[in-house]
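J.: Below is a structure I'd like to ask you about.
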4 protein chains.
Amino acid sequence: MTSQQKSFGSDNHSGAHLEVIQAIADANGGDSSPYGADLLTRRVTDELRSAFRSSEVLFVFNGTAANVLGISLLADSYEAVICAEFSHLNVDECGATERILGNKLLTVATPDGKLTPELIAPRLTGRGDPHRAQAKIVQIAQVTEVGTCYSLEEIRRLSDFCHSESLYLHADGARLANAAAYLGCELGDLAQGVDVLSFGGTKNGAVGAEAVIVMRDELADRAQFLRKQQMQLGSKMRFIAAQFAALLEDKLWLRGALQANAMASRLAAGIAHVPGIEVKYPVQSNAVFAELRPEHIAALQQEWTFYVWDEARNVVRWMTAFDTTDDDVDSFVAAIRAAS
Amino acid sequence: MTSQQKSFGSDNHSGAHLEVIQAIADANGGDSSPYGADLLTRRVTDELRSAFRSSEVLFVFNGTAANVLGISLLADSYEAVICAEFSHLNVDECGATERILGNKLLTVATPDGKLTPELIAPRLTGRGDPHRAQAKIVQIAQVTEVGTCYSLEEIRRLSDFCHSESLYLHADGARLANAAAYLGCELGDLAQGVDVLSFGGTKNGAVGAEAVIVMRDELADRAQFLRKQQMQLGSKMRFIAAQFAALLEDKLWLRGALQANAMASRLAAGIAHVPGIEVKYPVQSNAVFAELRPEHIAALQQEWTFYVWDEARNVVRWMTAFDTTDDDVDSFVAAIRAAS
Amino acid sequence: MTSQQKSFGSDNHSGAHLEVIQAIADANGGDSSPYGADLLTRRVTDELRSAFRSSEVLFVFNGTAANVLGISLLADSYEAVICAEFSHLNVDECGATERILGNKLLTVATPDGKLTPELIAPRLTGRGDPHRAQAKIVQIAQVTEVGTCYSLEEIRRLSDFCHSESLYLHADGARLANAAAYLGCELGDLAQGVDVLSFGGTKNGAVGAEAVIVMRDELADRAQFLRKQQMQLGSKMRFIAAQFAALLEDKLWLRGALQANAMASRLAAGIAHVPGIEVKYPVQSNAVFAELRPEHIAALQQEWTFYVWDEARNVVRWMTAFDTTDDDVDSFVAAIRAAS
Amino acid sequence: MTSQQKSFGSDNHSGAHLEVIQAIADANGGDSSPYGADLLTRRVTDELRSAFRSSEVLFVFNGTAANVLGISLLADSYEAVICAEFSHLNVDECGATERILGNKLLTVATPDGKLTPELIAPRLTGRGDPHRAQAKIVQIAQVTEVGTCYSLEEIRRLSDFCHSESLYLHADGARLANAAAYLGCELGDLAQGVDVLSFGGTKNGAVGAEAVIVMRDELADRAQFLRKQQMQLGSKMRFIAAQFAALLEDKLWLRGALQANAMASRLAAGIAHVPGIEVKYPVQSNAVFAELRPEHIAALQQEWTFYVWDEARNVVRWMTAFDTTDDDVDSFVAAIRAAS
C-alpha cells in the first residue's frame, strides 16, 4: 500500500481502536496467570457468555482458527459441512478445515451469499450411506462474503430446518458486529438457534482477537483440549481478553460497526447514479460490491487500494472500517466519479 | 494467582516490556497491508533474517505453532522426530505434532534435558523399513525444559551427526534469548548447523509473538502455505512485527534475558547452602530446579506461585523473568530460608 | 439381492473369474516372503511395470486406497485436487482424501463426466496466494463415473495442459480395463502423460486387488512408506499378486472387459427404440445410464437389481460385468420392454 | 526366502489353510450384494458376534487397519493410547495411528510385553490439563509382541483398573487364536472387559482377513463410516467373510493355533538344554525368543529363515505357524544343535 489515501481494501487494513491499544497497555501491570486463568480473561469471558447466553467462550488468534475450532466441536471426521461456495471457509483458509479436521465441505451456489433450507436440501443425499461423507453442519457467515446479512427470521428458519434434519448450525461471525449493527439487535439475538458461532474482534478494531461462542453445554468439555491441540491457546491470554474488554466497554464494538456500515452506505449512495457502475448486492454491512468497466477499475487502482472480487465479471469489493470517515468516502466517491 | 508477590511460576506470568506495548501503539497509525505485506513486517523480518543469516522468517502466534510449522517444513508424514522425553514438544502441546502433522515422536530419556549423538543413535533403527516411522528430525530445545543450554560446540556436534545421518536438526527456541545471554553469543551463532529453529518473543517480554527461522532456501516456498493452513497467519501482522521490532531495538531481547538469567543465578546462590534443598540441574538460564521436602513445598506455595515439576521426586521449578528484580529474589530467598 | 436374475447393479456384484480363484489356490504352496518380497509379487509387478512402462507398481486393497495413495504421492497437504463433481473420489469415498491426506477437492461440473482444459482453467485461481488451497492435481477417471472414456487424444491434451500449468495428472483406473477395451489400445497407452494412475482388478473379475501405477521415478521412494502408513500393505501379498497374474495371463483382463462392454452395448441397442427411455450418455464401457418414468423404474426394481443414479431426474444406471451373458441382457431387455 | 526349509520367520510366511482357499472358491457362485450386505457376510458376522458376545463386527484388510479403526472408535484426537514400548502399534505400523488419527502413543517399558495397572499408573499424569494429551485407551496385545499371553485374571484386573480410571481397554488380537489355544478358553472369554478388540485371521491361516470386534453398543454407529473413510471397506466382502467362515467351521482357527503353539513348545523343549542358548520369555503361544551367540545366529541364517529381534542383545525370534510340522521343528532343532 503506497497510497496515502484511506484503504477500501479490507477492514483488516485498518489499525486498532485507541481504546483497544490502551486496554492492552492497562492489562500489562504485574503478573497474571497464563492460559486464560487470569482475572481479566475470566471477567471478559463471563461478559461475553452473558451477552450471548452461551455455555462457553474461548479466545483464539484468528478467524480461520475460530472456524476450525468451532467445526471441530460439532462434527466427526466423516461428517461434512454445507457452506456457501464463496464462503471464507471454503475459499480463503487454504483448506484448513480439510487438513486440520478432515471434514469435507459441500458447497452451495448462492445468489447473495446466503444459504436457505431450499438451497441446502439438495445436498442432504446419501445420509446413512457409508460411502458418503455425512452432512452434519450447515455453516453460514453473518455477515456473508458479499456483505449481506441474514435476518433473525432467516436464521430461525435455518435453525429450525437444521435441527429438524439433525444438522448443527454454525455461524462464522468474523463480522458479526456489523450484522448486529445492521439488524439493530443484540449479540445474543444473533446466537439464538446457532450451535457454535464466532465473534470477530480483529476486523472490528482489535489488534488480533476472535472468540468462539459455544451455545451447547455438552460441547464445552472437549473445547479446551481441541483449542490447545489446534495451536490456539495463548499464554498471555490477558492481552487478548483486554481487546474484547475494550470492545465491550460502552459497546465500542457496536459503535465501530455502525460507523463502518454507515460509511459503506454513504459510499453506495454516492455512486448510486454514476453511469456504468452497478452495485451487485444489497449493502447491509461495511462492503459495497460494484461492477465497473475494466479500464475504470485500472484507473482507480492507481490511487486507491481495493480488490477486484471477480475478475471475470469486473466486480470490485470496497470495504469500509470503523475508522473510515465521511471525508474518506467523499474523496473516494469523487475519484470514482472523476474516473468514470 | 492471588499473591501480591512476584510469581516464580513461569516467564509467561509476566506482562510485556513497556517498549513492546509502545511499539504496538506506534504501529497503530493508519492503514497497512495485511498478512505480512506491510512495511514494518518486511523491515523486522529483514532484520531477523540478517541476525540469523536465515533464508526466511515467519511470525506465528505461539510456541506450539512454531514447533509444528517448523517440523512440517522438514518431515513427511511417515517420518519421525527424535526429541527429549520431557520436551515441550512431547509433553506440553497436547499432541499437536501428532494430530496436525501425523509425525511420530521418538522420545529419549536424558540426564539433563540435552540430546547427544550417543543418546540419539539407538533410535536410528529400522531405517528403510516401511513398517517403521523413519527418523528424520532431531529436535532440541535451546534452552531445554530443565533450564540447561547446549554449548555451541554441542550444537555443532549434533548438527554434524544429524547431517551425516541424513537427519535435520530443529531447535525449539522459545527461550533462545536466554541461551544467547548465557552463552554470550549472537543469535546467528545459535542457528549455525540448525535447519529450522524458532525464536520466542512471548516468554521474553512480548505480548505474544514467535518467529520461525528457516535456514534452508529450499524449505521456504512451502512455508507460507503451511503457516496459513496451520491457522497461524495473522491479518494485522504489523502488531506482531512491532513486538519483535521493540525486542530488537538496542537488543532489548538480550537485556531482558540477561536480567532473567541473573535473577535465577541470584536465586540459586541464595539457597545454595540452605539445608534440605538440592539444586538438580546446572543453572544456565532463567530457571532453578530444586528438590525440597514436601512440607517445605506446601508451606512456600501458600504465599508464592511456582510449580512442582516432579511430584514423585519433590522437585520444584522456579522461573524468573525479564521483570524479576533483586528484591523479588531476595524476598523469595528469605521465604525459602524461613520455611526450611 | 434376493433375485435370481443377473444383477445390473454394479460390476462388483459379480464374483471373480475362475482363473483368479485358481491362481489364489496355486499361490498357496509353502512359505513365501511377506509384504511383497515374494517371487510372485516381484514377477507380477515387473509385468505390470513393463505393460505400463512405469517406474513403480504398488498393490493395495481397494479403489479408495488406490486414489488416496496416488494423490499422496503427488500433492502436499495445502494443495488441491481438481476433479469432476460426480467423481468417485468426491462422492463415494466418505471424504477419505480430505481426512487421510487433508487435500481440498475442487469440483467441476461436467456434461459427460469428462474434464477438459476449458473446464479446468476457471479453477486455477489464487495460485501463489497463501489463503487459497493450491491446485496441483487434475484427477480424471478412466472410465468416468457415467461410463464415458477419454480418447487418447483427450488425455494427451489434458496432460499437455496440466504439465504446462505445473499440475499433475492422476487417473482413477478402477475400470481402466474397460477403457482399454473400448479404445482398442494397450494399457501403456492409457498411462502416457499421466503421472500416477490406478489399475483396478476388483471390478474386472478379481476378488479384491488394485494396483497403483507410478509413472515418475522421483515419486517412487515415498510410496512404500505411505502405503504402509495408509494401512494398505498386505502381509501375504502373493495372494493379491496372484489375482493380477491371472488377469494378465492371456489378457484375461481384456477379455473380461470386452465382454462387459459388449453386454452394455447389447443392452443399449436392445432398448434403443423403447418409448419413454432415453439413454443419457454415450455407451463407451460397461454402463448404460437411462432416464425412465418413475413407475417404470419401480416396476423393474421388483425383479431386477440396479441403482437409481439420479433420483431427481429419474436416471438409472445399468452395469454389466465380465460374467454378464447375452441371455442375461436379453432377459433384462425383455423385462424393460414389458414394463414400459 | 531361498531356502526349501520351513520358515521360522513369521506366521505370515505361511500360506493359507486349504479350507480357506476352498471357502473362497465356494463363495464365488453368482452375484452378491457388495460391501458386506451379502448373506455370507451377515451369517459370519452373526457367528462372530455370538462368539464374542459383541455389539458389532467389522471386517478389515489387515492388522494395522484393525488397530487404527478400533482406536478411532474409542478416542478423540487429543486423547492418547498407553501401550507397550515394543508393541506392534508403536513400532511396526509406520506411525499410522499418529498419522491417520492424530493420537499420541504413551509407551511403557515392560519386562515381558505385558502391561499392568502398576505400569500404567505413572502415565496417568496431567489429566484435565489442556496442555497434555489425555490418556484414554490402554492397548494390550493378546498375544504380546514377545509371545506371552495375559491370563483372564490379568485382563480382568486391567479392565477393572481401566474402567475405574475412565480408560478404555483395547486389545490387538492379531494372534488372539493363539492366546485362546494357550489359555484353553473361548473367544468370548478373551473379550470380557475389553471395549474393542481385533480377531486376526491372516496369521492363523487366512489369505488376508481381520475382524474388529466392538463390545459396546454406543460405539457401533460410527464404525461403518470410519471403516470406509479409513479405506477398509471391501467391495466383494464375501471373500473376506468366506475366510472367517472357514476358520470358524469346526473351530479351524483353534486347531491351527493349537498346532502352531505346540510346535513352539516342541521347539523350546528341543533346545532347552543346548549350551549357549537362553530362552528369554515364557513360551505361551507360537513364538520362541532366544539369545544366541552372534556367530551361531549367522550360521543358522545361512539355511534357515528367521529374524533377529534384538541386534544389541543377540536375541532371535522363531515363529511357528498352523502348518509347521513335527518334522520341521525337529530338523530345525537338529540344525540349531549342530551349529551350537
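Numbering starts fresh at 1 for the residues of each chain in the C-alpha cells, the chains themselves are lettered A, B, ... in the order given, and ligands are numbered from 1 as they appear.
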Among the residues of range 36-261 of chain D, find those DSSP assigns to helix (DSSP H, G or I) from the backbone and print them as a ChimeraX atom specification.
T.: /D:39-52,63-74,88-91,96-101,117-123,152-164,176-183,187-191,202-204,217-229,238-261
J.: Got time to write the residues from that selection, C-alpha atoms, as an mmCIF file, in the first residue's frame?
T.:
data_model
loop_
_atom_site.group_PDB
_atom_site.id
_atom_site.type_symbol
_atom_site.label_atom_id
_atom_site.label_comp_id
_atom_site.auth_asym_id
_atom_site.auth_seq_id
_atom_site.Cartn_x
_atom_site.Cartn_y
_atom_site.Cartn_z
ATOM 1 C CA LEU D 39 -25.766 -63.205 3.107
ATOM 2 C CA LEU D 40 -22.417 -64.797 3.808
ATOM 3 C CA THR D 41 -21.017 -61.718 5.473
ATOM 4 C CA ARG D 42 -24.168 -61.389 7.530
ATOM 5 C CA ARG D 43 -24.021 -65.002 8.605
ATOM 6 C CA VAL D 44 -20.348 -64.933 9.530
ATOM 7 C CA THR D 45 -20.544 -61.633 11.354
ATOM 8 C CA ASP D 46 -23.507 -63.032 13.279
ATOM 9 C CA GLU D 47 -21.429 -66.041 14.243
ATOM 10 C CA LEU D 48 -18.565 -63.857 15.377
ATOM 11 C CA ARG D 49 -20.922 -61.525 17.206
ATOM 12 C CA SER D 50 -22.292 -64.514 19.007
ATOM 13 C CA ALA D 51 -18.868 -65.978 19.782
ATOM 14 C CA PHE D 52 -17.610 -62.702 21.222
ATOM 15 C CA GLY D 63 -3.868 -55.776 11.331
ATOM 16 C CA THR D 64 -2.695 -52.194 11.209
ATOM 17 C CA ALA D 65 -6.126 -51.179 9.994
ATOM 18 C CA ALA D 66 -7.796 -53.219 12.714
ATOM 19 C CA ASN D 67 -5.815 -51.321 15.325
ATOM 20 C CA VAL D 68 -6.457 -47.935 13.781
ATOM 21 C CA LEU D 69 -10.181 -48.490 13.305
ATOM 22 C CA GLY D 70 -10.519 -49.846 16.808
ATOM 23 C CA ILE D 71 -8.734 -46.908 18.355
ATOM 24 C CA SER D 72 -10.738 -44.432 16.309
ATOM 25 C CA LEU D 73 -13.893 -45.810 17.886
ATOM 26 C CA LEU D 74 -12.600 -45.104 21.376
ATOM 27 C CA HIS D 88 3.166 -53.584 17.012
ATOM 28 C CA LEU D 89 1.042 -50.451 17.342
ATOM 29 C CA ASN D 90 4.046 -48.392 18.342
ATOM 30 C CA VAL D 91 6.825 -49.968 16.355
ATOM 31 C CA ALA D 96 -0.365 -45.000 11.244
ATOM 32 C CA THR D 97 -2.165 -44.177 14.482
ATOM 33 C CA GLU D 98 -0.497 -40.797 14.722
ATOM 34 C CA ARG D 99 -0.969 -40.039 11.046
ATOM 35 C CA ILE D 100 -4.453 -41.356 10.412
ATOM 36 C CA LEU D 101 -6.000 -40.487 13.771
ATOM 37 C CA PRO D 117 -2.069 -51.357 36.363
ATOM 38 C CA GLU D 118 1.178 -50.636 38.141
ATOM 39 C CA LEU D 119 2.995 -49.971 34.880
ATOM 40 C CA ILE D 120 0.152 -47.866 33.512
ATOM 41 C CA ALA D 121 -0.454 -45.681 36.547
ATOM 42 C CA PRO D 122 2.634 -43.468 36.171
ATOM 43 C CA ARG D 123 1.462 -42.417 32.706
ATOM 44 C CA LEU D 152 -8.080 -63.979 32.021
ATOM 45 C CA GLU D 153 -7.430 -62.745 35.545
ATOM 46 C CA GLU D 154 -4.806 -60.313 34.318
ATOM 47 C CA ILE D 155 -7.210 -58.942 31.726
ATOM 48 C CA ARG D 156 -9.921 -58.598 34.350
ATOM 49 C CA ARG D 157 -7.559 -56.673 36.601
ATOM 50 C CA LEU D 158 -6.565 -54.414 33.731
ATOM 51 C CA SER D 159 -10.158 -53.915 32.728
ATOM 52 C CA ASP D 160 -11.228 -53.030 36.255
ATOM 53 C CA PHE D 161 -8.356 -50.624 36.537
ATOM 54 C CA CYS D 162 -9.046 -49.013 33.177
ATOM 55 C CA HIS D 163 -12.733 -48.560 33.759
ATOM 56 C CA SER D 164 -12.183 -47.195 37.256
ATOM 57 C CA LEU D 176 -5.896 -63.923 19.522
ATOM 58 C CA ALA D 177 -6.423 -67.506 18.393
ATOM 59 C CA ASN D 178 -3.052 -68.472 19.798
ATOM 60 C CA ALA D 179 -3.978 -66.918 23.123
ATOM 61 C CA ALA D 180 -7.256 -68.823 23.244
ATOM 62 C CA ALA D 181 -5.381 -72.001 22.430
ATOM 63 C CA TYR D 182 -2.864 -71.389 25.168
ATOM 64 C CA LEU D 183 -5.380 -70.328 27.773
ATOM 65 C CA LEU D 187 -13.077 -66.340 22.225
ATOM 66 C CA GLY D 188 -15.791 -64.637 24.207
ATOM 67 C CA ASP D 189 -13.774 -65.037 27.400
ATOM 68 C CA LEU D 190 -10.976 -63.014 25.817
ATOM 69 C CA ALA D 191 -13.354 -60.161 25.088
ATOM 70 C CA THR D 202 -4.257 -63.673 8.460
ATOM 71 C CA LYS D 203 -1.607 -65.010 10.819
ATOM 72 C CA ASN D 204 -3.780 -68.004 11.597
ATOM 73 C CA ASP D 217 -23.399 -50.712 21.500
ATOM 74 C CA GLU D 218 -22.808 -46.993 21.568
ATOM 75 C CA LEU D 219 -19.612 -47.354 19.556
ATOM 76 C CA ALA D 220 -21.087 -49.224 16.640
ATOM 77 C CA ASP D 221 -22.795 -46.414 14.739
ATOM 78 C CA ARG D 222 -19.669 -44.510 13.782
ATOM 79 C CA ALA D 223 -17.805 -47.645 12.855
ATOM 80 C CA GLN D 224 -19.319 -48.121 9.391
ATOM 81 C CA PHE D 225 -18.339 -44.639 8.340
ATOM 82 C CA LEU D 226 -14.908 -44.712 9.891
ATOM 83 C CA ARG D 227 -14.113 -48.037 8.230
ATOM 84 C CA LYS D 228 -14.999 -46.641 4.831
ATOM 85 C CA GLN D 229 -13.111 -43.397 5.397
ATOM 86 C CA ARG D 238 -17.999 -62.135 0.778
ATOM 87 C CA PHE D 239 -14.448 -63.213 0.056
ATOM 88 C CA ILE D 240 -13.264 -61.924 3.407
ATOM 89 C CA ALA D 241 -16.272 -63.370 5.169
ATOM 90 C CA ALA D 242 -15.609 -66.705 3.499
ATOM 91 C CA GLN D 243 -12.194 -66.870 5.109
ATOM 92 C CA PHE D 244 -13.668 -66.424 8.559
ATOM 93 C CA ALA D 245 -16.395 -68.910 7.696
ATOM 94 C CA ALA D 246 -13.694 -71.481 7.069
ATOM 95 C CA LEU D 247 -11.832 -70.570 10.233
ATOM 96 C CA LEU D 248 -14.994 -70.892 12.306
ATOM 97 C CA GLU D 249 -16.008 -74.216 10.775
ATOM 98 C CA ASP D 250 -15.250 -76.903 13.364
ATOM 99 C CA LYS D 251 -13.004 -74.364 15.046
ATOM 100 C CA LEU D 252 -10.336 -74.498 12.400
ATOM 101 C CA TRP D 253 -8.973 -71.321 13.962
ATOM 102 C CA LEU D 254 -8.371 -73.241 17.178
ATOM 103 C CA ARG D 255 -6.881 -76.286 15.549
ATOM 104 C CA GLY D 256 -4.407 -74.158 13.641
ATOM 105 C CA ALA D 257 -3.470 -72.213 16.735
ATOM 106 C CA LEU D 258 -3.054 -75.332 18.829
ATOM 107 C CA GLN D 259 -0.733 -76.773 16.218
ATOM 108 C CA ALA D 260 1.323 -73.593 15.973
ATOM 109 C CA ASN D 261 1.581 -73.330 19.753
#
J.: Each residue of chain D lying at most 6 Å from chain B should get a row with its shortest atom-to-atom pair and the distance in Å to one decimal, counting only C-alpha atoms; could you produce that, ordered by chain and increasing number, as CSV?
T.:
residue,atom,partner,partner_atom,distance
D:Asp92,CA,B:His131,CA,4.8
D:Glu93,CA,B:His131,CA,5.2
D:Cys94,CA,B:Ala133,CA,4.2
D:Gly95,CA,B:Ala133,CA,5.4
D:Glu98,CA,B:Gly102,CA,5.0
D:Arg99,CA,B:Gly102,CA,3.6
D:Gly102,CA,B:Arg99,CA,3.6
D:Lys104,CA,B:Gly95,CA,5.7
D:His131,CA,B:Asp92,CA,4.8
D:Arg132,CA,B:Cys94,CA,4.3
D:Ala133,CA,B:Cys94,CA,4.2
J.: Give the answer as one residue: which of A:Cys83, A:Ile336, A:Val315, A:Val329 has the shortest atom-to-atom distance to His296 in chain A, using only C-alpha atoms?
T.: A:Ile336
J.: Env of Val212 in chain C: 9 Å cut, atoms = only C-alpha atoms, seq-sep filter 6 positions within chain, self excluded. Answer as a list in words.
T.: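 Final neighbour list, sorted by chain and number: Glu56, Val57, Leu58, Phe59, Val60, Ala66, Asn67, Leu69, Gly70, Val196, Leu197, Ser198, Phe199 and Gly200 of chain C.
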J.: Neighbours of range 262-275 of chain C within 8 Å (only C-alpha atoms; same-chain residues fewer than 5 positions away dropped), as number ranges by chain?
T.: C: 283, 285-288, 319-321, 324-326, 329-330, 333, 336-337, 340
J.: Using the selection just defined, write its residues with all heavy atoms as a compact mmCIF listing (two decimals), in the first residue's frame.
T.:
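Result file again23.txt:
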# COMPACT_ATOMS: atom_id res chain seq x y z
N VAL C 283 -22.51 -44.84 -24.68
CA VAL C 283 -22.14 -46.11 -24.03
C VAL C 283 -20.75 -46.50 -24.51
O VAL C 283 -20.58 -46.99 -25.62
CB VAL C 283 -23.19 -47.20 -24.34
CG1 VAL C 283 -22.76 -48.52 -23.73
CG2 VAL C 283 -24.56 -46.77 -23.80
N SER C 285 -18.42 -48.10 -22.29
CA SER C 285 -17.79 -49.09 -21.39
C SER C 285 -18.85 -50.10 -21.00
O SER C 285 -19.55 -50.63 -21.87
CB SER C 285 -17.18 -48.38 -20.18
OG SER C 285 -18.18 -47.66 -19.48
N ASN C 286 -18.99 -50.37 -19.71
CA ASN C 286 -19.92 -51.41 -19.27
C ASN C 286 -21.10 -50.83 -18.50
O ASN C 286 -21.62 -51.47 -17.60
CB ASN C 286 -19.19 -52.46 -18.45
CG ASN C 286 -18.56 -51.90 -17.20
OD1 ASN C 286 -18.14 -50.75 -17.20
ND2 ASN C 286 -18.50 -52.70 -16.14
N ALA C 287 -21.49 -49.60 -18.84
CA ALA C 287 -22.61 -48.98 -18.15
C ALA C 287 -23.55 -48.31 -19.13
O ALA C 287 -23.10 -47.75 -20.13
CB ALA C 287 -22.10 -47.95 -17.14
N VAL C 288 -24.82 -48.40 -18.81
CA VAL C 288 -25.85 -47.69 -19.57
C VAL C 288 -26.62 -46.84 -18.57
O VAL C 288 -27.13 -47.36 -17.57
CB VAL C 288 -26.82 -48.67 -20.27
CG1 VAL C 288 -27.91 -47.91 -21.01
CG2 VAL C 288 -26.05 -49.59 -21.21
N MET C 319 -25.32 -51.64 -15.02
CA MET C 319 -23.93 -52.04 -15.26
C MET C 319 -23.86 -53.52 -15.63
O MET C 319 -24.55 -54.36 -15.03
CB MET C 319 -23.08 -51.80 -14.02
CG MET C 319 -22.98 -50.33 -13.66
SD MET C 319 -21.39 -49.95 -12.88
CE MET C 319 -20.30 -49.98 -14.31
N THR C 320 -22.99 -53.81 -16.55
CA THR C 320 -22.69 -55.20 -16.90
C THR C 320 -21.32 -55.56 -16.35
O THR C 320 -20.58 -54.70 -15.89
CB THR C 320 -22.71 -55.38 -18.42
OG1 THR C 320 -21.77 -54.47 -18.99
CG2 THR C 320 -24.11 -55.10 -18.98
N ALA C 321 -21.03 -56.86 -16.40
CA ALA C 321 -19.76 -57.32 -15.83
C ALA C 321 -19.14 -58.36 -16.76
O ALA C 321 -19.73 -58.74 -17.78
CB ALA C 321 -19.99 -57.91 -14.45
N THR C 324 -21.55 -61.20 -17.39
CA THR C 324 -22.89 -60.99 -17.93
C THR C 324 -22.97 -61.67 -19.30
O THR C 324 -22.03 -61.58 -20.11
CB THR C 324 -23.16 -59.48 -18.10
OG1 THR C 324 -22.91 -58.83 -16.85
CG2 THR C 324 -24.60 -59.22 -18.52
N THR C 325 -24.07 -62.36 -19.53
CA THR C 325 -24.20 -63.12 -20.79
C THR C 325 -25.24 -62.48 -21.70
O THR C 325 -26.04 -61.64 -21.27
CB THR C 325 -24.65 -64.57 -20.50
OG1 THR C 325 -25.96 -64.49 -19.89
CG2 THR C 325 -23.70 -65.26 -19.54
N ASP C 326 -25.22 -62.91 -22.93
CA ASP C 326 -26.25 -62.48 -23.89
C ASP C 326 -27.63 -62.75 -23.31
O ASP C 326 -28.53 -61.90 -23.39
CB ASP C 326 -26.11 -63.27 -25.21
CG ASP C 326 -24.92 -62.78 -26.04
OD1 ASP C 326 -24.17 -61.89 -25.58
OD2 ASP C 326 -24.76 -63.31 -27.16
N VAL C 329 -28.70 -60.26 -20.69
CA VAL C 329 -29.09 -58.97 -21.27
C VAL C 329 -30.44 -59.09 -21.95
O VAL C 329 -31.33 -58.24 -21.78
CB VAL C 329 -28.02 -58.47 -22.26
CG1 VAL C 329 -28.52 -57.24 -23.03
CG2 VAL C 329 -26.74 -58.13 -21.51
N ASP C 330 -30.60 -60.16 -22.69
CA ASP C 330 -31.85 -60.30 -23.44
C ASP C 330 -33.05 -60.42 -22.50
O ASP C 330 -34.11 -59.86 -22.76
CB ASP C 330 -31.76 -61.52 -24.38
CG ASP C 330 -30.71 -61.30 -25.46
OD1 ASP C 330 -30.24 -60.15 -25.63
OD2 ASP C 330 -30.32 -62.29 -26.12
N VAL C 333 -33.63 -56.93 -21.19
CA VAL C 333 -34.25 -56.09 -22.21
C VAL C 333 -35.73 -56.43 -22.34
O VAL C 333 -36.60 -55.54 -22.42
CB VAL C 333 -33.52 -56.24 -23.55
CG1 VAL C 333 -34.33 -55.61 -24.69
CG2 VAL C 333 -32.13 -55.59 -23.47
N ILE C 336 -37.52 -54.91 -19.48
CA ILE C 336 -37.65 -53.46 -19.63
C ILE C 336 -38.78 -53.14 -20.60
O ILE C 336 -39.63 -52.28 -20.34
CB ILE C 336 -36.33 -52.84 -20.12
CG1 ILE C 336 -35.22 -53.04 -19.08
CG2 ILE C 336 -36.51 -51.35 -20.42
CD1 ILE C 336 -33.82 -52.69 -19.58
N ARG C 337 -38.79 -53.85 -21.69
CA ARG C 337 -39.83 -53.61 -22.70
C ARG C 337 -41.21 -53.95 -22.13
O ARG C 337 -42.18 -53.19 -22.32
CB ARG C 337 -39.60 -54.49 -23.93
CG ARG C 337 -38.42 -54.03 -24.78
CD ARG C 337 -38.08 -55.11 -25.82
NE ARG C 337 -36.96 -54.74 -26.65
CZ ARG C 337 -37.07 -54.26 -27.89
NH1 ARG C 337 -38.25 -54.13 -28.45
NH2 ARG C 337 -36.00 -53.93 -28.57
N SER C 340 -42.49 -51.27 -19.82
CA SER C 340 -42.61 -49.89 -20.31
C SER C 340 -44.00 -49.59 -20.87
O SER C 340 -44.76 -50.50 -21.16
CB SER C 340 -41.55 -49.63 -21.37
OG SER C 340 -41.89 -50.31 -22.57
J.: Considering only strand (DSSP E) as DSSP defines it on the backbone, what residues of range 8-137 of chain A qualify? List them as a list in words.
T.: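 Residues meeting the strand (DSSP E) criterion: Glu56, Val57, Leu58, Phe59, Val60, Glu79, Ala80, Val81, Ile82, Cys83, Ala84, Lys104, Leu105, Leu106, Thr107, Val108, Gln134, Ala135, Lys136 and Ile137 of chain A.
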J.: Print the selection's residues with C-alpha atoms to a file, as a compact mmCIF listing (two decimals), in the first residue's frame.
T.:
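Contents of selection-v1.txt, freshly written:
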# COMPACT_ATOMS: atom_id res chain seq x y z
CA GLU A 56 -18.60 -21.36 26.88
CA VAL A 57 -16.38 -18.75 25.28
CA LEU A 58 -12.87 -19.43 24.00
CA PHE A 59 -10.46 -16.90 22.62
CA VAL A 60 -8.38 -17.80 19.59
CA GLU A 79 -19.12 -35.67 8.59
CA ALA A 80 -19.40 -32.79 6.16
CA VAL A 81 -20.02 -29.07 6.32
CA ILE A 82 -22.51 -27.46 3.97
CA CYS A 83 -21.40 -23.93 3.16
CA ALA A 84 -21.67 -21.26 0.52
CA LYS A 104 -15.40 -32.45 3.55
CA LEU A 105 -17.04 -29.18 2.56
CA LEU A 106 -20.20 -29.45 0.50
CA THR A 107 -20.53 -26.16 -1.31
CA VAL A 108 -23.69 -24.47 -2.44
CA GLN A 134 -22.39 -37.33 6.11
CA ALA A 135 -23.78 -33.81 6.15
CA LYS A 136 -23.70 -32.65 9.76
CA ILE A 137 -23.10 -28.89 9.88
J.: For CA of Asp112 in chain C and CA of Leu169 in chain C, quote the distance in Å rounded to one decimal.
T.: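 These two atoms are separated by 18.8 Å.
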J.: Take CA of Val20 in chain D and CA of Tyr35 in chain C and report the distance between them in Å, one decimal.
T.: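 Result for CA of Val20 in chain D versus CA of Tyr35 in chain C: 19.9 Å, one decimal.
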J.: Near Phe306 in chain D, counting only C-alpha atoms, which residues have an atom at most 12 Å away, once you skip same-chain residues fewer than 5 positions from it, shown as a ChimeraX atom specification?
T.: /C:33 /D:1,3,5-13,287-290,297-301,315-320,332
J.: Calculated over only C-alpha atoms, which of the candidates B:Ala209, B:Ala334, B:Leu292, B:Ala141 has the smallest distance to Phe61 in chain A?
T.: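 Checking each of B:Ala209, B:Ala334, B:Leu292, B:Ala141 against Phe61 in chain A, counting only C-alpha atoms, the winner is B:Ala209.
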